[in-house]
>>> print(open('work17.csv').read())   # CSV, C-alpha atoms
chain,number,residue,atom,x,y,z
A,749,MET,CA,68.4,-107.4,117.5
A,750,SER,CA,66.7,-104.0,117.5
A,751,LEU,CA,69.4,-102.8,115.0
A,752,PHE,CA,68.4,-105.6,112.7
A,753,TYR,CA,64.7,-104.5,112.8
A,754,ILE,CA,65.7,-100.9,112.2
A,755,LEU,CA,67.8,-101.9,109.1
A,756,GLY,CA,65.1,-104.1,107.8
A,757,GLY,CA,62.5,-101.3,108.2
A,758,ILE,CA,64.8,-98.9,106.4
A,759,MET,CA,65.2,-101.4,103.5
A,760,ILE,CA,61.5,-102.0,103.2
A,761,ALA,CA,60.8,-98.3,103.3
A,762,ALA,CA,63.4,-97.7,100.6
A,763,LEU,CA,62.0,-100.5,98.5
A,764,LEU,CA,58.5,-99.1,98.8
A,765,ALA,CA,59.8,-95.7,97.9
A,766,CYS,CA,61.5,-97.1,94.8
A,767,VAL,CA,58.3,-98.9,93.8
A,768,LEU,CA,56.2,-95.8,94.3
A,769,TYR,CA,58.7,-93.7,92.3
A,770,GLN,CA,58.7,-96.2,89.5
A,771,ARG,CA,54.9,-96.3,89.4
A,772,HIS,CA,54.7,-92.5,89.5
A,773,SER,CA,57.3,-92.2,86.6
A,774,GLN,CA,55.3,-94.7,84.6
A,775,LYS,CA,52.1,-92.8,85.2
A,776,LEU,CA,53.8,-89.6,84.0
A,777,LEU,CA,55.2,-91.4,81.0
A,778,LEU,CA,51.8,-92.8,80.0
A,779,ARG,CA,50.2,-89.4,80.6
A,780,ARG,CA,52.8,-87.7,78.3
A,781,MET,CA,52.3,-90.4,75.7
A,782,GLY,CA,48.5,-90.0,75.9
A,783,LYS,CA,49.0,-86.2,75.4
A,784,MET,CA,51.2,-86.8,72.4
A,785,LEU,CA,48.6,-89.1,70.8
A,786,GLU,CA,45.8,-86.7,71.6
A,787,ASP,CA,47.7,-83.8,70.0
A,788,ALA,CA,48.6,-85.9,67.0
A,789,GLY,CA,44.9,-86.8,66.6
A,790,ASN,CA,43.9,-83.1,66.8
A,791,GLY,CA,46.7,-82.1,64.4
A,792,HIS,CA,48.6,-80.0,67.1
A,793,PHE,CA,51.5,-82.3,67.8
A,794,GLN,CA,54.8,-80.5,68.4
A,795,PRO,CA,58.0,-82.6,68.7
A,796,GLU,CA,59.9,-81.7,71.9
A,797,LEU,CA,63.2,-82.7,73.3
A,798,ILE,CA,62.9,-85.7,75.6
A,799,ASP,CA,65.7,-86.9,77.9
A,800,GLU,CA,67.0,-90.3,77.0
A,801,SER,CA,66.5,-92.8,79.8
A,802,MET,CA,65.4,-96.4,80.2
A,803,LEU,CA,61.9,-95.2,81.1
A,804,SER,CA,61.6,-92.7,78.3
A,805,SER,CA,63.0,-94.8,75.4
A,806,ILE,CA,59.5,-95.8,74.4
A,807,GLU,CA,58.4,-92.2,74.6
A,808,ASN,CA,61.2,-91.2,72.2
A,809,SER,CA,60.2,-94.0,69.8
A,810,MET,CA,56.6,-92.8,69.8
A,811,LYS,CA,57.8,-89.2,69.3
A,812,ARG,CA,59.9,-90.3,66.3
A,813,PHE,CA,57.0,-92.2,64.9
A,814,LEU,CA,54.6,-89.3,65.2
A,815,THR,CA,57.1,-86.9,63.8
A,816,ASP,CA,57.7,-89.2,60.8
A,817,SER,CA,53.9,-89.5,60.4
A,818,ILE,CA,53.5,-85.7,60.3
A,819,LEU,CA,56.2,-85.4,57.7
A,820,SER,CA,54.7,-88.1,55.6
A,821,GLU,CA,51.2,-86.5,55.8
A,822,GLU,CA,52.7,-83.1,54.8
A,823,ASN,CA,54.6,-84.7,51.9
A,824,LEU,CA,51.4,-86.5,50.8
A,825,GLN,CA,49.4,-83.3,50.9
A,826,GLU,CA,52.1,-81.5,48.9
A,827,GLN,CA,52.0,-84.3,46.3
A,828,ASN,CA,48.2,-84.1,46.1
A,829,GLY,CA,48.4,-80.4,45.6
A,830,ARG,CA,50.9,-80.9,42.8
A,831,ILE,CA,48.7,-83.5,41.2
A,832,GLN,CA,45.6,-81.3,41.5
A,833,THR,CA,47.5,-78.4,39.9
A,834,LEU,CA,48.7,-80.6,37.1
A,835,ILE,CA,45.2,-82.0,36.4
A,836,SER,CA,43.7,-78.5,36.5
A,837,ASP,CA,46.4,-77.2,34.1
A,838,ILE,CA,45.8,-80.1,31.7
A,839,SER,CA,42.1,-79.6,31.8
A,840,HIS,CA,42.4,-75.8,31.2
A,841,GLN,CA,44.8,-76.2,28.3
A,842,THR,CA,42.8,-78.9,26.6
A,843,VAL,CA,39.2,-77.6,27.0
A,844,THR,CA,39.3,-75.3,23.9
A,845,PRO,CA,41.0,-77.8,21.5
A,846,LEU,CA,38.6,-80.5,22.6
A,847,SER,CA,35.6,-78.3,22.1
A,848,ASN,CA,36.8,-77.3,18.6
A,849,ILE,CA,37.4,-81.0,17.7
A,850,MET,CA,33.9,-81.9,18.8
A,851,ILE,CA,32.3,-79.0,17.0
A,852,TYR,CA,34.2,-79.6,13.7
A,853,SER,CA,33.6,-83.3,13.8
A,854,GLU,CA,29.8,-82.7,14.3
A,855,LEU,CA,29.8,-80.3,11.3
A,856,LEU,CA,31.9,-82.7,9.2
A,857,GLU,CA,29.5,-85.6,10.2
A,858,GLU,CA,26.5,-83.6,8.9
A,859,GLU,CA,28.3,-82.8,5.6
A,860,MET,CA,29.3,-86.4,5.1
A,861,ALA,CA,25.8,-87.9,5.8
A,862,GLY,CA,25.5,-91.0,3.6
A,863,ASN,CA,29.2,-90.9,2.8
A,864,PRO,CA,31.2,-94.1,3.5
A,865,GLN,CA,33.6,-92.0,5.6
A,866,GLU,CA,30.8,-90.8,7.9
A,867,GLU,CA,31.4,-93.6,10.4
A,868,LYS,CA,35.0,-92.6,10.8
A,869,VAL,CA,34.0,-89.0,11.5
A,870,ARG,CA,31.5,-90.3,14.1
A,871,ALA,CA,34.2,-92.4,15.7
A,872,ILE,CA,36.4,-89.3,16.0
A,873,ARG,CA,33.6,-87.3,17.7
A,874,LYS,CA,32.9,-90.2,20.2
A,875,GLN,CA,36.5,-90.4,21.2
A,876,ALA,CA,36.7,-86.7,21.7
A,877,GLU,CA,33.6,-86.9,23.9
A,878,LYS,CA,35.2,-89.7,25.8
A,879,LEU,CA,38.4,-87.7,26.4
A,880,ASP,CA,36.4,-84.7,27.5
A,881,PHE,CA,34.5,-86.9,30.0
A,882,LEU,CA,37.7,-88.4,31.3
A,883,LEU,CA,39.2,-85.0,32.0
A,884,GLN,CA,36.1,-83.7,33.7
A,885,SER,CA,36.0,-86.8,35.9
A,886,LEU,CA,39.6,-86.5,36.8
A,887,VAL,CA,39.2,-82.9,37.9
A,888,LYS,CA,36.1,-83.7,40.0
A,889,THR,CA,37.7,-86.7,41.6
A,890,SER,CA,41.0,-84.9,42.4
A,891,ARG,CA,39.1,-81.9,43.9
A,892,LEU,CA,36.9,-84.1,46.0
A,893,GLU,CA,40.0,-86.1,47.3
A,894,THR,CA,42.0,-83.0,48.2
A,895,GLY,CA,39.0,-81.3,49.8
A,896,ILE,CA,38.9,-78.4,47.3
A,897,ILE,CA,35.3,-79.3,46.6
A,898,LYS,CA,33.2,-80.4,49.5
A,899,THR,CA,29.7,-81.7,49.4
A,900,GLN,CA,27.2,-79.4,51.1
A,901,ALA,CA,24.5,-81.3,52.8
A,902,ALA,CA,21.0,-79.8,52.8
A,903,GLU,CA,17.4,-80.9,52.9
A,904,CYS,CA,16.7,-82.7,49.7
A,905,ASP,CA,13.5,-84.1,48.1
A,906,LEU,CA,14.7,-87.5,47.0
A,907,CYS,CA,11.6,-88.1,44.8
A,908,GLY,CA,12.2,-85.0,42.8
A,909,LEU,CA,16.0,-85.7,42.6
A,910,MET,CA,15.6,-89.2,41.4
A,911,GLU,CA,12.9,-88.2,38.9
A,912,SER,CA,15.4,-85.7,37.4
A,913,VAL,CA,18.0,-88.5,37.3
A,914,CYS,CA,15.6,-90.8,35.4
A,915,GLU,CA,14.7,-88.0,33.0
A,916,GLN,CA,18.4,-87.4,32.3
A,917,GLY,CA,18.9,-91.1,31.3
A,918,ARG,CA,15.5,-91.7,29.7
A,919,GLN,CA,16.4,-90.9,26.1
A,920,LYS,CA,19.4,-93.2,26.2
A,921,ALA,CA,17.3,-96.0,27.7
A,922,GLU,CA,14.6,-95.5,25.0
A,923,ASP,CA,17.2,-95.6,22.3
A,924,LYS,CA,18.0,-99.2,23.5
A,925,GLY,CA,14.4,-100.1,24.0
A,926,ILE,CA,14.9,-100.3,27.8
A,927,ASP,CA,11.9,-99.9,30.0
A,928,LEU,CA,13.0,-97.4,32.7
A,929,ILE,CA,10.6,-97.2,35.6
A,930,PHE,CA,10.6,-94.9,38.6
A,931,VAL,CA,8.6,-96.0,41.6
A,932,ARG,CA,7.8,-92.7,43.4
A,933,GLY,CA,6.5,-94.2,46.7
A,934,GLU,CA,5.6,-91.8,49.5
A,935,PRO,CA,6.0,-88.0,48.8
A,936,GLN,CA,7.6,-87.2,52.2
A,937,GLN,CA,10.9,-88.9,51.5
A,938,VAL,CA,13.4,-86.2,52.4
A,939,ALA,CA,17.1,-86.8,52.9
A,940,PHE,CA,20.1,-84.7,54.2
A,941,CYS,CA,22.6,-84.6,51.3
A,942,ASP,CA,24.0,-82.5,48.5
A,943,PRO,CA,21.4,-82.5,45.7
A,944,LYS,CA,23.9,-81.6,42.9
A,945,TRP,CA,26.5,-84.2,43.8
A,946,THR,CA,24.0,-86.9,44.8
A,947,ARG,CA,22.3,-86.4,41.5
A,948,GLU,CA,25.6,-87.0,39.7
A,949,ALA,CA,26.4,-90.0,41.8
A,950,CYS,CA,23.0,-91.7,41.1
A,951,PHE,CA,23.2,-90.8,37.4
A,952,ASN,CA,26.6,-92.6,37.2
A,953,ILE,CA,24.9,-95.7,38.5
A,954,LEU,CA,21.9,-95.4,36.2
A,955,ASP,CA,24.1,-94.7,33.2
A,956,ASN,CA,26.0,-97.9,34.0
A,957,ALA,CA,22.8,-99.9,34.3
A,958,ILE,CA,21.7,-98.6,30.9
A,959,LYS,CA,25.1,-99.5,29.4
A,960,TYR,CA,25.1,-103.1,30.7
A,961,THR,CA,21.4,-103.9,30.1
A,962,ALA,CA,20.6,-105.5,26.8
A,963,GLU,CA,18.0,-104.0,24.4
A,964,GLY,CA,14.5,-104.6,25.6
A,965,GLY,CA,15.6,-104.9,29.2
A,966,ARG,CA,14.2,-103.3,32.3
A,967,ILE,CA,15.6,-100.9,34.9
A,968,GLU,CA,13.6,-100.0,38.1
A,969,VAL,CA,14.4,-97.1,40.4
A,970,SER,CA,12.8,-96.9,43.8
A,971,ILE,CA,13.2,-95.2,47.2
A,972,THR,CA,12.7,-96.7,50.7
A,973,ALA,CA,12.8,-94.7,53.9
A,974,TYR,CA,14.4,-96.1,57.1
A,975,GLN,CA,14.9,-94.7,60.5
A,976,LEU,CA,18.3,-93.2,59.9
A,977,PHE,CA,18.9,-93.6,56.1
A,978,ALA,CA,16.9,-93.4,52.9
A,979,ARG,CA,17.7,-96.1,50.4
A,980,ILE,CA,17.8,-95.5,46.6
A,981,ASP,CA,17.7,-98.8,44.6
A,982,ILE,CA,18.7,-98.9,41.0
A,983,LYS,CA,17.9,-102.4,39.8
A,984,ASP,CA,18.5,-103.8,36.3
A,985,ASN,CA,18.2,-107.2,34.6
A,986,GLY,CA,21.4,-106.8,32.6
A,987,SER,CA,24.6,-108.8,32.4
A,988,GLY,CA,25.3,-108.8,36.2
A,989,MET,CA,28.7,-109.8,37.6
A,990,GLU,CA,30.5,-112.3,39.8
A,991,GLU,CA,30.4,-111.8,43.5
A,992,GLU,CA,34.2,-111.5,43.7
A,993,GLU,CA,34.2,-108.7,41.2
A,994,ILE,CA,31.8,-106.4,43.2
A,995,PRO,CA,34.5,-105.0,45.6
A,996,LYS,CA,36.7,-104.0,42.6
A,997,ILE,CA,34.1,-102.0,40.6
A,998,PHE,CA,34.6,-98.9,42.8
A,999,GLY,CA,38.3,-98.8,42.1
A,1000,ARG,CA,39.8,-96.0,40.1
A,1001,PHE,CA,40.0,-96.9,36.4
A,1002,TYR,CA,38.7,-100.5,37.0
A,1003,ARG,CA,36.8,-102.0,34.1
A,1004,GLY,CA,35.2,-105.4,34.6
A,1005,SER,CA,35.3,-108.4,32.3
A,1006,GLN,CA,32.1,-107.3,30.7
A,1007,ALA,CA,33.3,-103.8,30.0
A,1008,ALA,CA,35.8,-104.4,27.1
A,1009,GLU,CA,33.3,-103.5,24.4
A,1010,LYS,CA,31.5,-100.8,26.4
A,1011,ASP,CA,32.2,-97.1,26.4
A,1012,GLY,CA,33.7,-95.7,29.6
A,1013,VAL,CA,36.9,-94.9,31.5
A,1014,GLY,CA,36.4,-96.6,34.8
A,1015,LEU,CA,35.9,-93.4,36.9
A,1016,GLY,CA,32.2,-93.1,37.2
A,1017,LEU,CA,31.6,-95.6,40.1
A,1018,TYR,CA,34.8,-94.4,41.8
A,1019,LEU,CA,33.5,-90.9,41.8
A,1020,THR,CA,30.1,-92.1,42.9
A,1021,ARG,CA,31.5,-93.8,46.0
A,1022,GLN,CA,33.6,-90.7,46.9
A,1023,ILE,CA,30.5,-88.5,46.7
A,1024,ILE,CA,28.2,-90.8,48.8
A,1025,GLU,CA,30.8,-91.5,51.5
A,1026,SER,CA,31.6,-87.7,51.8
A,1027,GLU,CA,27.9,-87.2,52.6
A,1028,GLY,CA,28.0,-89.9,55.4
A,1029,GLY,CA,26.3,-92.5,53.2
A,1030,TYR,CA,27.3,-95.8,51.7
A,1031,ILE,CA,26.6,-98.2,48.8
A,1032,LYS,CA,25.7,-101.9,48.7
A,1033,VAL,CA,25.7,-104.0,45.6
A,1034,THR,CA,24.0,-107.3,44.9
A,1035,SER,CA,24.5,-109.0,41.5
A,1036,LYS,CA,24.4,-112.3,39.7
A,1037,PRO,CA,25.8,-113.1,36.3
A,1038,GLY,CA,23.0,-113.0,33.7
A,1039,LEU,CA,20.4,-111.9,36.2
A,1040,GLY,CA,21.4,-108.2,36.6
A,1041,SER,CA,22.5,-106.0,39.5
A,1042,CYS,CA,21.0,-103.8,42.2
A,1043,PHE,CA,22.9,-100.8,43.5
A,1044,SER,CA,21.5,-99.5,46.8
A,1045,VAL,CA,22.6,-96.0,47.8
A,1046,PHE,CA,22.1,-95.1,51.4
A,1047,VAL,CA,22.0,-91.4,52.3
A,1048,PRO,CA,21.3,-89.9,55.7
A,1049,GLU,CA,17.7,-89.1,56.3
A,1050,LEU,CA,16.1,-86.1,58.0
A,1051,LYS,CA,14.4,-86.8,61.3
A,1052,GLY,CA,10.6,-86.6,61.2
A,1053,ASN,CA,10.0,-88.2,57.8
A,1054,ILE,CA,6.5,-89.6,57.5
A,1055,SER,CA,7.1,-92.9,55.7
A,1056,LYS,CA,9.2,-95.4,57.7
A,1057,VAL,CA,10.0,-99.1,57.2
>>> encode(input="work17.csv", output="structure tokens")
Amino acid sequence: MSLFYILGGIMIAALLACVLYQRHSQKLLLRRMGKMLEDAGNGHFQPELIDESMLSSIENSMKRFLTDSILSEENLQEQNGRIQTLISDISHQTVTPLSNIMIYSELLEEEMAGNPQEEKVRAIRKQAEKLDFLLQSLVKTSRLETGIIKTQAAECDLCGLMESVCEQGRQKAEDKGIDLIFVRGEPQQVAFCDPKWTREACFNILDNAIKYTAEGGRIEVSITAYQLFARIDIKDNGSGMEEEEIPKIFGRFYRGSQAAEKDGVGLGLYLTRQIIESEGGYIKVTSKPGLGSCFSVFVPELKGNISKV
């Protein structure tokens, strides 16, 4: 009888030992997997040889997945580099011919004032300007995407910045008889963003508002300070758009149903979103067909601003 108890005790002890060993092995496996994921997240993952076993099969699968991911990322970066080089080469090689075309077309347009062919010369100049804008936008976009150009956040006077944006678009608005109003608000509205790139992003939105607002329309630009963000509103009473179209307008080369007869290449709003998101901000859009649109740009605000909502 005592032998039976001894054997039973040995079997229970062996079973407990097996269970503890399995649990210890699983803990080690999870620890190694966690280390692999942590290294991959930090960009320091180094594939290592792992012994094949029933317990480590999932570890090997994860290793293969992470290795493939690293190779895919390297290939993607290499392709982005090639695209950036190609775009830069194209821009460099075309800048002089394009400048010459625009200069000669302007001279020819002056000489042919009142001539029936003047309109054709003007069309050539406009298309050259459009091509120049497209190339510059492609270069800026590709450099932002590949990190060659990075936004440099600094203390920024939003009132002064948006005033300069409005002045930049005022002549174009006046040519269409559009009433462009800037509501200055409180003077202590200071944000933390890149002044140069934020100015370009906001001007792209304002330029679109002028483009899609009919003659005699109205555009209002205002700034509101919140606890963490400052909001820049650019509101028009133009053509507006359907709700389902709003998520698409920030896509590369996307041109909406109202854009067929308007100048543009579909890169302005794409570049705008890239800039604002790189600064830690975001954009919201509200719009209704026939009632206009409101683009709200949220940029990080400096602590200690006086005016708060």
>>> closest_residue(input="work17.csv", among="A:Leu954, A:Leu1015, A:Ile971, A:Val1033", to="Glu992 in chain A", atoms="all atoms listed in the file")
A:Val1033
>>> closest_residue(input="work17.csv", among="A:Glu859, A:Glu1049, A:Glu948, A:Glu854", to="Leu976 in chain A", atoms="all atoms listed in the file")
A:Glu1049
>>> residues_near_point(input="work17.csv", point="(15.7, -93.7, 35.6)", cutoff="12 Å", atoms="only C-alpha atoms", output="PyMOL selection string")
chain A and resi 907-922+926-932+947+950-958+966-971+980-984
>>> residues_around(input="work17.csv", residues="Arg1021 in chain A", least_positions_apart="2", cutoff="8 Å", atoms="only C-alpha atoms", output="list in words")
Ala949, Phe998, Leu1017, Tyr1018, Leu1019, Ile1023, Ile1024, Glu1025, Tyr1030 and Ile1031 of chain A
>>> write_last_selection(input="work17.csv", atoms="C-alpha atoms", output="mmCIF file, keeping the file's coordinate frame")
data_model
loop_
_atom_site.group_PDB
_atom_site.id
_atom_site.type_symbol
_atom_site.label_atom_id
_atom_site.label_comp_id
_atom_site.auth_asym_id
_atom_site.auth_seq_id
_atom_site.Cartn_x
_atom_site.Cartn_y
_atom_site.Cartn_z
ATOM 1 C CA ALA A 949 26.400 -90.000 41.800
ATOM 2 C CA PHE A 998 34.600 -98.900 42.800
ATOM 3 C CA LEU A 1017 31.600 -95.600 40.100
ATOM 4 C CA TYR A 1018 34.800 -94.400 41.800
ATOM 5 C CA LEU A 1019 33.500 -90.900 41.800
ATOM 6 C CA ILE A 1023 30.500 -88.500 46.700
ATOM 7 C CA ILE A 1024 28.200 -90.800 48.800
ATOM 8 C CA GLU A 1025 30.800 -91.500 51.500
ATOM 9 C CA TYR A 1030 27.300 -95.800 51.700
ATOM 10 C CA ILE A 1031 26.600 -98.200 48.800
#
>>> atom_distance(input="work17.csv", atom1="CA of Thr1020 in chain A", atom2="CA of Ser847 in chain A")
25.6 Å
>>> atom_distance(input="work17.csv", atom1="CA of Pro943 in chain A", atom2="CA of Phe1043 in chain A")
18.5 Å
>>> residues_around(input="work17.csv", residues="Leu846 in chain A", least_positions_apart="6", cutoff="9 Å", atoms="all atoms listed in the file", output="list in words")
Ala876, Glu877, Leu879 and Asp880 of chain A
>>> write_last_selection(input="work17.csv", atoms="C-alpha atoms", output="mmCIF file, in the coordinates of the input")
data_model
loop_
_atom_site.group_PDB
_atom_site.id
_atom_site.type_symbol
_atom_site.label_atom_id
_atom_site.label_comp_id
_atom_site.auth_asym_id
_atom_site.auth_seq_id
_atom_site.Cartn_x
_atom_site.Cartn_y
_atom_site.Cartn_z
ATOM 1 C CA ALA A 876 36.700 -86.700 21.700
ATOM 2 C CA GLU A 877 33.600 -86.900 23.900
ATOM 3 C CA LEU A 879 38.400 -87.700 26.400
ATOM 4 C CA ASP A 880 36.400 -84.700 27.500
#
>>> closest_residue(input="work17.csv", among="A:Arg873, A:Asp942, A:Thr972, A:Thr889", to="Leu855 in chain A", atoms="only C-alpha atoms")
A:Arg873
>>> closest_atom_pairs(input="work17.csv", of="range 929-985 of chain A", to="range 1044-1048 of chain A", cutoff="6 Å", atoms="all atoms listed in the file", output="JSON lines")
{"residue": "A:Ala939", "atom": "CA", "partner": "A:Pro1048", "partner_atom": "CA", "distance": 5.9}
{"residue": "A:Phe940", "atom": "CA", "partner": "A:Pro1048", "partner_atom": "CA", "distance": 5.5}
{"residue": "A:Phe977", "atom": "CA", "partner": "A:Pro1048", "partner_atom": "CA", "distance": 4.4}
{"residue": "A:Ala978", "atom": "CA", "partner": "A:Val1047", "partner_atom": "CA", "distance": 5.5}
{"residue": "A:Arg979", "atom": "CA", "partner": "A:Phe1046", "partner_atom": "CA", "distance": 4.6}
{"residue": "A:Ile980", "atom": "CA", "partner": "A:Val1045", "partner_atom": "CA", "distance": 5.0}
{"residue": "A:Asp981", "atom": "CA", "partner": "A:Ser1044", "partner_atom": "CA", "distance": 4.4}
>>> write_last_selection(input="work17.csv", atoms="C-alpha atoms", output="PDB file, in the coordinates of the input")
ATOM      1  CA  ALA A 939      17.100 -86.800  52.900  1.00  0.00           C
ATOM      2  CA  PHE A 940      20.100 -84.700  54.200  1.00  0.00           C
ATOM      3  CA  PHE A 977      18.900 -93.600  56.100  1.00  0.00           C
ATOM      4  CA  ALA A 978      16.900 -93.400  52.900  1.00  0.00           C
ATOM      5  CA  ARG A 979      17.700 -96.100  50.400  1.00  0.00           C
ATOM      6  CA  ILE A 980      17.800 -95.500  46.600  1.00  0.00           C
ATOM      7  CA  ASP A 981      17.700 -98.800  44.600  1.00  0.00           C
TER       8      ASP A 981
END
